[in-house]
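Peer 1: I'd like to ask some things about the structure below.
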Amino acid sequence: MTRERAARLGAALGLLVLSVAAFELRKEFIRSFFRPGPPVVAVAAEPDSPAVGASLPAVPFLRVALLDGLGADAARGLPGLDALCAGGLDLDLDVGFPTVSLPVQAAFWSARSQARTGPMFQNSRLVAPPPGALPGAIPGSRAVAEAHPEIIASFGFTIAEPPVPPDLEPPAPLALSWSAEQFERAAQQAVQSDARLAFVHVLRIDQAGHQAGAGSPSYREAARWSDDLLGRLVAADRHVHGATARWVVLADHGHLLTGGHGDAEPPLRWVRACLFGALPDALRGARGSVRLPDLGRLAFDSLGVVPPPDSDGRLLAAVLAKASGGGPALLPRPTASRWAVAILLALAGAALGVAGAGAGWRRAPCPWWLVASASAVIFLGFPSLSRNFVFRFWPTALALPALPGLALLVATDGRALLMGRGRAALRRALALPIGLTAAALVLCGGEAVIGLATGPPLVPFATGIASAWLALLAMGALSLLPLALAGAFRAGSGRSGPSGTIDRAA
Ligand SMILES: [Zn+2]
């Protein structure tokens, strides 16, 4: 075998290794989202929290209704909710990140940010409630869920209905667990009971959101149905308890217009929450904006329970006094040193890519990468954790949108590979993509994947981008592989040009 041919076979082997490595790394990366534990990239400290003391006087009964998946836009204009909120405290609520049902509830029931509770992206039943969670502190507390009972079963309620069947984990698909009538009857019994804490988790809005998106008639219809249900439950409670119960109504996230949630997009993070019923007069008709741990703290205060010492919940008066009470959310953020490393990696990739580029327009490194990334965004949407393709081990959904970019790669650098300009073509094709993908991984704490850190590598947007780019990198390397092999064959049959000189010239 000639040296020429051996070099080209080496390049083909390198492409195969890169493709498989990117694919396998991505699989492990996706698995690590669901690993409970503090995130690799920490949440910025809160200088003004926690403060000592209670925001609200305690009341005999607290009733909490969570309208899963109801975004702020859809919540404003629901007649029942509008009327109830008008007589109470009407809030814009920032649920934080990620916008996933179980972690959001874990944050609410423990008055911590998601990043401090442990289960950041987990949606299967927790083995133990978050330390200090409110439901476990209230003997006789009750919860009723329309579906996904593994969520309410995770927080230490004395009674959670329907009971979780032993074969439910991992969670069943989004089918409603029981009939609307059964659910409403159980919810009514819970709010009318003498339990101090009763919680109703309504899920049909989220189900409609997943099936048809927040812009669909079925989503609006599910919101209206839930609004009516809320009115009936409040009336049922008042029938028994008069005006002694305090109500908290909230949502855990919104939905994209096309359906989906999970990342930090503002329409997903910002929802509506209201307190009404037994409330200090000063709060009736008040507006404000709070973060989820602040609202969780109000639930603790309402039942006279001290929130956990590491709570992120702030005093209501302090929050409402601020011009922008929600402020920057409690989101995981890359540190300055992570940004520095990420920028260096991207620059190194760009420098190597330019060094491999040819003359004229070809000097731009990686037009294929730009085209593939742009067409993926156009056809699939921004690669946030709200998009399914970010989670799929086999990135088949990305293959078709990436096709124009991959075709460009094959036609330019692939052709150069075939003609024997191997090293330059590979540098030009892959250096910048590798640099950018490594940068995205550094920003989100991706070193957790290779065991250098524990906890999930979850950072708004960076995590989704890293997953999408790992997939594109695997596809790009794989598309070049046949051409590298064909180039090696040509080298052996004496049909290639004087590649060595061209390579050096490039
Ligand atoms: Zn959902």
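Quick note on naming: the chains in the structure tokens go A, B, ... in the order shown, residues restart at 1 in each chain, and ligands are numbered from 1 in order of appearance.
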Can you tell me which residues sit at most 12 Å away from ligand 1, counting only C-alpha atoms and all ligand atoms, written as a VMD selection string?

Peer 2: chain A and resid 67 to 71 98 to 104 121 123 147 to 148 151 173 to 175 202 to 214 251 to 256 259 to 263 268 386 to 388

Peer 1: If we count only C-alpha atoms, what is near A:Ala187 at a cut-off of 9 Å, once residues fewer than 2 positions away on the same chain are taken out, given as a list in words?

Peer 2: Ala143, Val144, Ala145, Glu146, Gln182, Phe183, Glu184, Arg185, Gln189, Ala190, Val191, Gln192, Ala198, Phe199, Val200, His201 and Leu233 of chain A

Peer 1: Which distance in Å separates atom CA of A:Ala11 and atom CA of A:Ala342, to one decimal?

Peer 2: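 One can read the atom CA of A:Ala11 to atom CA of A:Ala342 distance as 26.8 Å.
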
Peer 1: Residues of stretch 126-250 of chain A classed as strand (DSSP E or B) by DSSP on the backbone are to be reported as a PyMOL selection string.

Peer 2: chain A and resi 142-145+159-161+197-202+245-250

Peer 1: State, in Å with one decimal place, the distance from atom CA of A:Val306 to atom CA of A:Val52.

Peer 2: 9.2 Å

Peer 1: Per residue of stretch 292-403 of chain A within 6 Å of stretch 464-471 of chain A, record the nearest atom pair and its distance in Å to one decimal, counting only C-alpha atoms, with rows in chain order and ascending residue number, as CSV.

Peer 2:
```
residue,atom,partner,partner_atom,distance
A:Pro383,CA,A:Gly464,CA,5.1
A:Ser384,CA,A:Gly464,CA,4.4
A:Leu385,CA,A:Gly464,CA,5.3
A:Val390,CA,A:Ser467,CA,5.8
```
